[in-house]
file target.tsv (TSV, C-alpha atoms)
chain	number	residue	atom	x	y	z
A	205	MET	CA	10.01	-1.33	13.15
A	206	ILE	CA	7.78	-1.16	10.08
A	207	GLU	CA	6.94	-4.88	10.22
A	208	ALA	CA	5.82	-4.68	13.86
A	209	LEU	CA	3.85	-1.47	13.25
A	210	THR	CA	2.15	-2.98	10.20
A	211	ARG	CA	1.16	-6.06	12.20
A	212	ARG	CA	-0.31	-3.84	14.98
A	213	ILE	CA	-2.28	-1.84	12.43
A	214	TRP	CA	-3.73	-4.87	10.63
A	215	THR	CA	-4.42	-7.18	13.58
A	216	GLY	CA	-8.17	-7.47	14.08
A	217	ARG	CA	-8.90	-5.60	10.84
A	218	VAL	CA	-8.28	-8.28	8.22
A	219	SER	CA	-8.66	-12.03	8.06
A	220	ALA	CA	-6.05	-14.12	9.83
A	221	GLU	CA	-5.23	-15.65	6.42
A	222	SER	CA	-3.82	-12.32	5.19
A	223	THR	CA	-0.22	-12.45	4.00
A	224	VAL	CA	0.54	-9.63	6.44
A	225	PHE	CA	0.63	-12.24	9.19
A	226	ARG	CA	3.22	-14.32	7.33
A	227	GLU	CA	5.65	-11.44	6.91
A	228	THR	CA	8.87	-11.38	8.87
A	229	PRO	CA	11.26	-8.54	9.65
A	230	GLU	CA	13.55	-10.06	6.99
A	231	SER	CA	10.88	-10.25	4.26
A	232	VAL	CA	9.81	-6.66	4.95
A	233	ALA	CA	13.45	-5.49	4.95
A	234	ALA	CA	13.87	-7.13	1.53
A	235	GLN	CA	10.83	-5.27	0.18
A	236	LEU	CA	12.13	-1.99	1.59
A	237	ALA	CA	15.56	-2.58	0.04
A	238	LYS	CA	13.95	-3.05	-3.39
A	239	GLY	CA	11.51	-0.18	-3.05
A	240	GLY	CA	10.81	2.08	-0.11
A	241	GLY	CA	8.59	2.78	2.83
A	242	VAL	CA	7.12	5.43	5.06
A	243	ILE	CA	6.52	5.55	8.78
A	244	LEU	CA	4.20	8.38	9.77
A	245	GLU	CA	4.79	9.81	13.23
A	246	LEU	CA	2.73	12.12	15.39
A	247	ASP	CA	4.51	13.64	18.40
A	248	SER	CA	7.43	11.27	17.73
A	249	GLU	CA	5.17	8.20	17.96
A	250	PRO	CA	4.64	5.94	14.90
A	251	ILE	CA	0.96	5.93	13.90
A	252	GLY	CA	0.98	4.64	10.34
A	253	SER	CA	3.05	3.15	7.58
A	254	GLY	CA	3.13	1.96	4.01
A	255	ARG	CA	5.63	0.67	1.46
A	256	PHE	CA	6.18	0.04	-2.20
A	257	VAL	CA	8.12	-2.28	-4.47
A	258	PRO	CA	9.02	-1.74	-8.13
A	259	VAL	CA	6.97	-3.72	-10.66
A	260	PRO	CA	6.51	-3.77	-14.43
A	261	GLY	CA	3.61	-1.70	-15.71
A	262	PRO	CA	0.49	-2.92	-17.49
A	263	GLY	CA	1.30	-5.61	-20.04
A	264	GLY	CA	4.80	-5.86	-18.61
A	265	GLN	CA	5.72	-2.47	-20.03
A	266	GLY	CA	7.46	0.38	-18.23
A	267	SER	CA	8.44	0.94	-14.63
A	268	TRP	CA	5.71	1.13	-11.97
A	269	ILE	CA	5.38	0.69	-8.23
A	270	GLU	CA	3.11	-1.56	-6.23
A	271	ILE	CA	1.73	0.15	-3.13
A	272	LYS	CA	1.60	-2.20	-0.16
A	273	ARG	CA	0.29	-2.24	3.40
A	274	ILE	CA	-0.86	1.35	3.89
A	275	GLY	CA	-2.40	1.54	7.33
A	276	VAL	CA	-2.96	3.76	10.33
A	277	LEU	CA	-3.50	2.77	13.96
A	278	PRO	CA	-7.21	2.78	14.92
A	279	ASP	CA	-7.06	5.93	17.09
A	280	PHE	CA	-5.74	7.92	14.12
A	281	GLN	CA	-7.99	6.67	11.32
A	282	LYS	CA	-10.38	8.86	9.33
A	283	GLN	CA	-8.10	11.89	9.75
A	284	GLY	CA	-6.45	11.84	6.31
A	285	PHE	CA	-3.25	10.13	7.42
A	286	GLY	CA	-3.64	7.26	4.94
A	287	ALA	CA	-3.69	9.76	2.08
A	288	VAL	CA	-0.56	11.44	3.48
A	289	ILE	CA	1.27	8.09	3.48
A	290	LEU	CA	0.08	7.30	-0.05
A	291	ASP	CA	1.15	10.73	-1.31
A	292	GLU	CA	4.66	10.22	0.05
A	293	LEU	CA	4.93	6.72	-1.45
A	294	GLU	CA	3.82	8.10	-4.82
A	295	ARG	CA	6.37	10.93	-4.52
A	296	MET	CA	9.08	8.36	-3.84
A	297	GLY	CA	7.95	6.33	-6.86
A	298	ARG	CA	8.00	9.38	-9.11
A	299	ALA	CA	11.54	10.15	-7.90
A	300	ARG	CA	12.47	6.68	-9.19
A	301	LYS	CA	10.87	7.54	-12.55
A	302	ALA	CA	7.88	5.22	-12.05
A	303	GLU	CA	5.12	5.84	-14.57
A	304	GLY	CA	2.35	4.89	-12.18
A	305	ALA	CA	1.25	2.85	-9.20
A	306	GLN	CA	-0.84	-0.27	-8.71
A	307	LEU	CA	-2.39	-1.76	-5.61
A	308	ALA	CA	-4.90	-4.35	-4.56
A	309	ILE	CA	-7.72	-4.21	-2.06
A	310	ARG	CA	-8.65	-7.33	-0.15
A	311	ALA	CA	-12.14	-8.66	-0.87
A	312	ASP	CA	-13.00	-8.12	2.80
A	313	GLN	CA	-12.10	-4.40	2.62
A	314	PRO	CA	-14.39	-3.03	-0.13
A	315	ARG	CA	-14.79	0.36	1.60
A	316	LEU	CA	-11.22	1.14	0.52
A	317	ILE	CA	-12.22	1.20	-3.15
A	318	VAL	CA	-13.92	4.58	-2.69
A	319	PHE	CA	-10.93	5.89	-0.72
A	320	TYR	CA	-8.53	5.09	-3.56
A	321	GLN	CA	-10.92	6.26	-6.28
A	322	ALA	CA	-11.01	9.67	-4.58
A	323	LEU	CA	-7.21	9.70	-4.96
A	324	ASP	CA	-7.41	9.04	-8.74
A	325	TYR	CA	-6.98	5.26	-8.74
A	326	MET	CA	-9.01	3.39	-11.33
A	327	PRO	CA	-10.18	-0.25	-11.35
A	328	ALA	CA	-7.76	-2.58	-13.12
A	329	ASP	CA	-8.60	-6.27	-13.40
A	330	ASP	CA	-5.15	-7.24	-14.67
A	331	VAL	CA	-3.05	-6.18	-11.67
A	332	VAL	CA	-0.54	-8.91	-10.83
A	333	LEU	CA	0.65	-8.79	-7.24
A	334	THR	CA	4.15	-9.45	-5.97
A	335	THR	CA	2.70	-11.32	-2.97
A	336	PRO	CA	-0.52	-13.04	-4.09
A	337	ASN	CA	-2.55	-14.89	-1.47
A	338	PRO	CA	-4.05	-18.19	-2.64
A	339	LEU	CA	-5.94	-18.49	0.68
A	340	SER	CA	-8.08	-15.39	0.06
A	341	PRO	CA	-10.63	-14.44	-2.60
A	342	PRO	CA	-9.09	-12.44	-5.44
A	343	PRO	CA	-8.46	-8.81	-4.50
A	344	PHE	CA	-9.73	-5.73	-6.35
A	345	GLY	CA	-6.89	-4.25	-8.43
A	346	MET	CA	-6.48	-0.53	-9.02
A	347	ARG	CA	-3.99	1.69	-10.89
A	348	LYS	CA	-3.01	5.31	-11.12
A	349	ILE	CA	-0.98	6.78	-13.96
A	350	PHE	CA	1.38	9.50	-12.80
A	351	ARG	CA	1.03	12.70	-14.74
A	352	THR	CA	4.17	13.95	-16.42
A	353	ASP	CA	3.34	17.61	-16.92
A	354	THR	CA	6.19	19.38	-18.63

call {"tool": "encode", "arguments": {"input": "target.tsv", "output": "structure tokens"}}
result
Amino acid sequence: MIEALTRRIWTGRVSAESTVFRETPESVAAQLAKGGGVILELDSEPIGSGRFVPVPGPGGQGSWIEIKRIGVLPDFQKQGFGAVILDELERMGRARKAEGAQLAIRADQPRLIVFYQALDYMPADDVVLTTPNPLSPPPFGMRKIFRTDT
């Protein structure tokens, strides 16, 4: 379900060369098995989703998560649902003892930089993606360190 929902969300919003259009139910299931995912529902209807996979932290040190494919169907955008999905993915990462999260923003989606900055993500030019796309310009990497208040 998450692969089909993700495809619906991203179709018409990103370039046809995006790796989202090369995903299969099997490749998404493999990512979910390694990490986790969220499907956001409203009145029992799926309206958004996102996922994560475990990755090494900066410089190959520590345990982090890579946030992937957060999206919301067009009729439900600009209502804070993307932040709800991100918050749940981060919670899931913290439960796995991740020290932080990384993500990448496609070059054709620069408006998302401000969205993630407002949620405490900082620019990071050394983010290495688990699914790089050689057909697209380099994305804009960002990171967030999870606080460990004791």

call {"tool": "closest_residue", "arguments": {"input": "target.tsv", "among": "A:Val276, A:Ile309, A:Leu293, A:Val332", "to": "Thr210 of chain A", "atoms": "only C-alpha atoms"}}
result
A:Val276

call {"tool": "closest_residue", "arguments": {"input": "target.tsv", "among": "A:Thr228, A:Ser267, A:Ser222, A:Gln235", "to": "Pro343 of chain A", "atoms": "only C-alpha atoms"}}
result
A:Ser222

call {"tool": "atom_distance", "arguments": {"input": "target.tsv", "atom1": "atom CA of Ala237 of chain A", "atom2": "atom CA of Thr215 of chain A"}}
result
24.6 Å

call {"tool": "residues_around", "arguments": {"input": "target.tsv", "residues": "segment 223-226 of chain A", "least_positions_apart": "3", "cutoff": "9 Å", "atoms": "all atoms listed in the file", "output": "VMD selection string"}}
result
chain A and resid 207 210 to 211 214 to 215 220 273 335 to 337 339

call {"tool": "residues_around", "arguments": {"input": "target.tsv", "residues": "segment 299-304 of chain A", "least_positions_apart": "5", "cutoff": "9 Å", "atoms": "only C-alpha atoms", "output": "ChimeraX atom specification"}}
result
/A:258,261,266-270,294,347-352

call {"tool": "residues_around", "arguments": {"input": "target.tsv", "residues": "Ile206 of chain A", "least_positions_apart": "6", "cutoff": "8 Å", "atoms": "all atoms listed in the file", "output": "list of chain:residue names"}}
result
A:Val232, A:Ile243, A:Ser253

call {"tool": "atom_distance", "arguments": {"input": "target.tsv", "atom1": "atom CA of Leu209 of chain A", "atom2": "atom CA of Ala328 of chain A"}}
result
28.8 Å

call {"tool": "atom_distance", "arguments": {"input": "target.tsv", "atom1": "atom CA of Gly241 of chain A", "atom2": "atom CA of Met205 of chain A"}}
result
11.2 Å

call {"tool": "residues_around", "arguments": {"input": "target.tsv", "residues": "segment 317-320 of chain A", "least_positions_apart": "3", "cutoff": "12 Å", "atoms": "all atoms listed in the file", "output": "number ranges by chain"}}
result
A: 271, 274, 282, 284-287, 290-291, 305-314, 323-328, 343-348

call {"tool": "closest_residue", "arguments": {"input": "target.tsv", "among": "A:Pro229, A:Pro338, A:Gly216, A:Gly239", "to": "Val259 of chain A", "atoms": "all atoms listed in the file"}}
result
A:Gly239

call {"tool": "closest_residue", "arguments": {"input": "target.tsv", "among": "A:Leu244, A:Ala233, A:Val288, A:Leu277", "to": "Ile213 of chain A", "atoms": "only C-alpha atoms"}}
result
A:Leu277

call {"tool": "axis_aligned_box", "arguments": {"input": "target.tsv", "around": "segment 275-279 of chain A", "padding_each_side": "3 Å", "output": "JSON"}}
result
{"center_x": -4.8, "center_y": 3.7, "center_z": 12.2, "size_x": 10.8, "size_y": 10.4, "size_z": 15.8}

call {"tool": "build_atoms", "arguments": {"input": "target.tsv", "residues": "segment 340-351 of chain A", "atoms": "all heavy atoms", "output": "PDB file, in the frame of the given file"}}
result
ATOM      1  N   SER A 340      -7.037 -16.423   0.017  1.00  0.00           N
ATOM      2  CA  SER A 340      -8.080 -15.390   0.060  1.00  0.00           C
ATOM      3  C   SER A 340      -8.760 -15.256  -1.298  1.00  0.00           C
ATOM      4  O   SER A 340      -8.154 -15.556  -2.326  1.00  0.00           O
ATOM      5  CB  SER A 340      -7.466 -14.037   0.421  1.00  0.00           C
ATOM      6  OG  SER A 340      -6.980 -14.043   1.722  1.00  0.00           O
ATOM      7  N   PRO A 341      -9.988 -14.744  -1.306  1.00  0.00           N
ATOM      8  CA  PRO A 341     -10.630 -14.440  -2.600  1.00  0.00           C
ATOM      9  C   PRO A 341      -9.779 -13.424  -3.365  1.00  0.00           C
ATOM     10  O   PRO A 341      -9.026 -12.656  -2.743  1.00  0.00           O
ATOM     11  CB  PRO A 341     -11.972 -13.831  -2.195  1.00  0.00           C
ATOM     12  CG  PRO A 341     -12.204 -14.276  -0.789  1.00  0.00           C
ATOM     13  CD  PRO A 341     -10.848 -14.438  -0.169  1.00  0.00           C
ATOM     14  N   PRO A 342      -9.890 -13.388  -4.664  1.00  0.00           N
ATOM     15  CA  PRO A 342      -9.090 -12.440  -5.440  1.00  0.00           C
ATOM     16  C   PRO A 342      -9.352 -11.000  -4.988  1.00  0.00           C
ATOM     17  O   PRO A 342     -10.488 -10.620  -4.712  1.00  0.00           O
ATOM     18  CB  PRO A 342      -9.589 -12.648  -6.880  1.00  0.00           C
ATOM     19  CG  PRO A 342     -10.187 -14.005  -6.877  1.00  0.00           C
ATOM     20  CD  PRO A 342     -10.730 -14.229  -5.497  1.00  0.00           C
ATOM     21  N   PRO A 343      -8.288 -10.202  -4.907  1.00  0.00           N
ATOM     22  CA  PRO A 343      -8.460  -8.810  -4.500  1.00  0.00           C
ATOM     23  C   PRO A 343      -8.950  -7.955  -5.672  1.00  0.00           C
ATOM     24  O   PRO A 343      -9.002  -8.409  -6.817  1.00  0.00           O
ATOM     25  CB  PRO A 343      -7.062  -8.397  -4.074  1.00  0.00           C
ATOM     26  CG  PRO A 343      -6.169  -9.231  -4.933  1.00  0.00           C
ATOM     27  CD  PRO A 343      -6.887 -10.549  -5.100  1.00  0.00           C
ATOM     28  N   PHE A 344      -9.268  -6.714  -5.367  1.00  0.00           N
ATOM     29  CA  PHE A 344      -9.730  -5.730  -6.350  1.00  0.00           C
ATOM     30  C   PHE A 344      -8.526  -4.871  -6.727  1.00  0.00           C
ATOM     31  O   PHE A 344      -8.008  -4.120  -5.906  1.00  0.00           O
ATOM     32  CB  PHE A 344     -10.847  -4.881  -5.732  1.00  0.00           C
ATOM     33  CG  PHE A 344     -11.489  -3.933  -6.691  1.00  0.00           C
ATOM     34  CD1 PHE A 344     -12.487  -4.373  -7.546  1.00  0.00           C
ATOM     35  CD2 PHE A 344     -11.104  -2.606  -6.735  1.00  0.00           C
ATOM     36  CE1 PHE A 344     -13.095  -3.491  -8.437  1.00  0.00           C
ATOM     37  CE2 PHE A 344     -11.706  -1.723  -7.618  1.00  0.00           C
ATOM     38  CZ  PHE A 344     -12.696  -2.174  -8.467  1.00  0.00           C
ATOM     39  N   GLY A 345      -8.054  -5.000  -7.977  1.00  0.00           N
ATOM     40  CA  GLY A 345      -6.890  -4.250  -8.430  1.00  0.00           C
ATOM     41  C   GLY A 345      -7.243  -2.833  -8.855  1.00  0.00           C
ATOM     42  O   GLY A 345      -8.335  -2.571  -9.361  1.00  0.00           O
ATOM     43  N   MET A 346      -6.310  -1.930  -8.628  1.00  0.00           N
ATOM     44  CA  MET A 346      -6.480  -0.530  -9.020  1.00  0.00           C
ATOM     45  C   MET A 346      -5.131   0.013  -9.497  1.00  0.00           C
ATOM     46  O   MET A 346      -4.078  -0.469  -9.089  1.00  0.00           O
ATOM     47  CB  MET A 346      -6.995   0.307  -7.851  1.00  0.00           C
ATOM     48  CG  MET A 346      -8.344  -0.167  -7.332  1.00  0.00           C
ATOM     49  SD  MET A 346      -9.047   0.950  -6.093  1.00  0.00           S
ATOM     50  CE  MET A 346      -9.888   2.108  -7.199  1.00  0.00           C
ATOM     51  N   ARG A 347      -5.192   1.042 -10.360  1.00  0.00           N
ATOM     52  CA  ARG A 347      -3.990   1.690 -10.890  1.00  0.00           C
ATOM     53  C   ARG A 347      -4.180   3.195 -10.967  1.00  0.00           C
ATOM     54  O   ARG A 347      -5.288   3.678 -11.139  1.00  0.00           O
ATOM     55  CB  ARG A 347      -3.715   1.221 -12.319  1.00  0.00           C
ATOM     56  CG  ARG A 347      -2.959  -0.024 -12.422  1.00  0.00           C
ATOM     57  CD  ARG A 347      -2.281  -0.149 -13.779  1.00  0.00           C
ATOM     58  NE  ARG A 347      -1.786  -1.505 -13.850  1.00  0.00           N
ATOM     59  CZ  ARG A 347      -2.449  -2.516 -14.382  1.00  0.00           C
ATOM     60  NH1 ARG A 347      -3.602  -2.336 -14.956  1.00  0.00           N
ATOM     61  NH2 ARG A 347      -1.938  -3.722 -14.376  1.00  0.00           N
ATOM     62  N   LYS A 348      -3.054   3.862 -10.905  1.00  0.00           N
ATOM     63  CA  LYS A 348      -3.010   5.310 -11.120  1.00  0.00           C
ATOM     64  C   LYS A 348      -1.824   5.614 -12.013  1.00  0.00           C
ATOM     65  O   LYS A 348      -0.701   5.180 -11.723  1.00  0.00           O
ATOM     66  CB  LYS A 348      -2.851   6.029  -9.782  1.00  0.00           C
ATOM     67  CG  LYS A 348      -2.736   7.533  -9.902  1.00  0.00           C
ATOM     68  CD  LYS A 348      -2.610   8.162  -8.521  1.00  0.00           C
ATOM     69  CE  LYS A 348      -2.559   9.661  -8.575  1.00  0.00           C
ATOM     70  NZ  LYS A 348      -2.542  10.240  -7.202  1.00  0.00           N
ATOM     71  N   ILE A 349      -2.061   6.330 -13.087  1.00  0.00           N
ATOM     72  CA  ILE A 349      -0.980   6.780 -13.960  1.00  0.00           C
ATOM     73  C   ILE A 349      -0.495   8.109 -13.420  1.00  0.00           C
ATOM     74  O   ILE A 349      -1.290   9.011 -13.137  1.00  0.00           O
ATOM     75  CB  ILE A 349      -1.470   6.917 -15.417  1.00  0.00           C
ATOM     76  CG1 ILE A 349      -1.926   5.561 -15.945  1.00  0.00           C
ATOM     77  CG2 ILE A 349      -0.382   7.524 -16.299  1.00  0.00           C
ATOM     78  CD1 ILE A 349      -2.598   5.622 -17.320  1.00  0.00           C
ATOM     79  N   PHE A 350       0.818   8.239 -13.271  1.00  0.00           N
ATOM     80  CA  PHE A 350       1.380   9.500 -12.800  1.00  0.00           C
ATOM     81  C   PHE A 350       1.433  10.479 -13.962  1.00  0.00           C
ATOM     82  O   PHE A 350       1.905  10.140 -15.041  1.00  0.00           O
ATOM     83  CB  PHE A 350       2.785   9.297 -12.231  1.00  0.00           C
ATOM     84  CG  PHE A 350       2.834   8.429 -10.998  1.00  0.00           C
ATOM     85  CD1 PHE A 350       3.978   7.732 -10.687  1.00  0.00           C
ATOM     86  CD2 PHE A 350       1.756   8.323 -10.134  1.00  0.00           C
ATOM     87  CE1 PHE A 350       4.058   6.950  -9.542  1.00  0.00           C
ATOM     88  CE2 PHE A 350       1.809   7.542  -8.992  1.00  0.00           C
ATOM     89  CZ  PHE A 350       2.958   6.850  -8.694  1.00  0.00           C
ATOM     90  N   ARG A 351       0.983  11.656 -13.708  1.00  0.00           N
ATOM     91  CA  ARG A 351       1.030  12.700 -14.740  1.00  0.00           C
ATOM     92  C   ARG A 351       2.477  13.162 -14.904  1.00  0.00           C
ATOM     93  O   ARG A 351       3.212  13.246 -13.937  1.00  0.00           O
ATOM     94  CB  ARG A 351       0.164  13.889 -14.353  1.00  0.00           C
ATOM     95  CG  ARG A 351      -1.293  13.509 -14.253  1.00  0.00           C
ATOM     96  CD  ARG A 351      -2.156  14.757 -14.327  1.00  0.00           C
ATOM     97  NE  ARG A 351      -3.538  14.434 -14.121  1.00  0.00           N
ATOM     98  CZ  ARG A 351      -4.363  13.942 -15.046  1.00  0.00           C
ATOM     99  NH1 ARG A 351      -3.927  13.748 -16.252  1.00  0.00           N
ATOM    100  NH2 ARG A 351      -5.614  13.688 -14.768  1.00  0.00           N
TER     101      ARG A 351
END
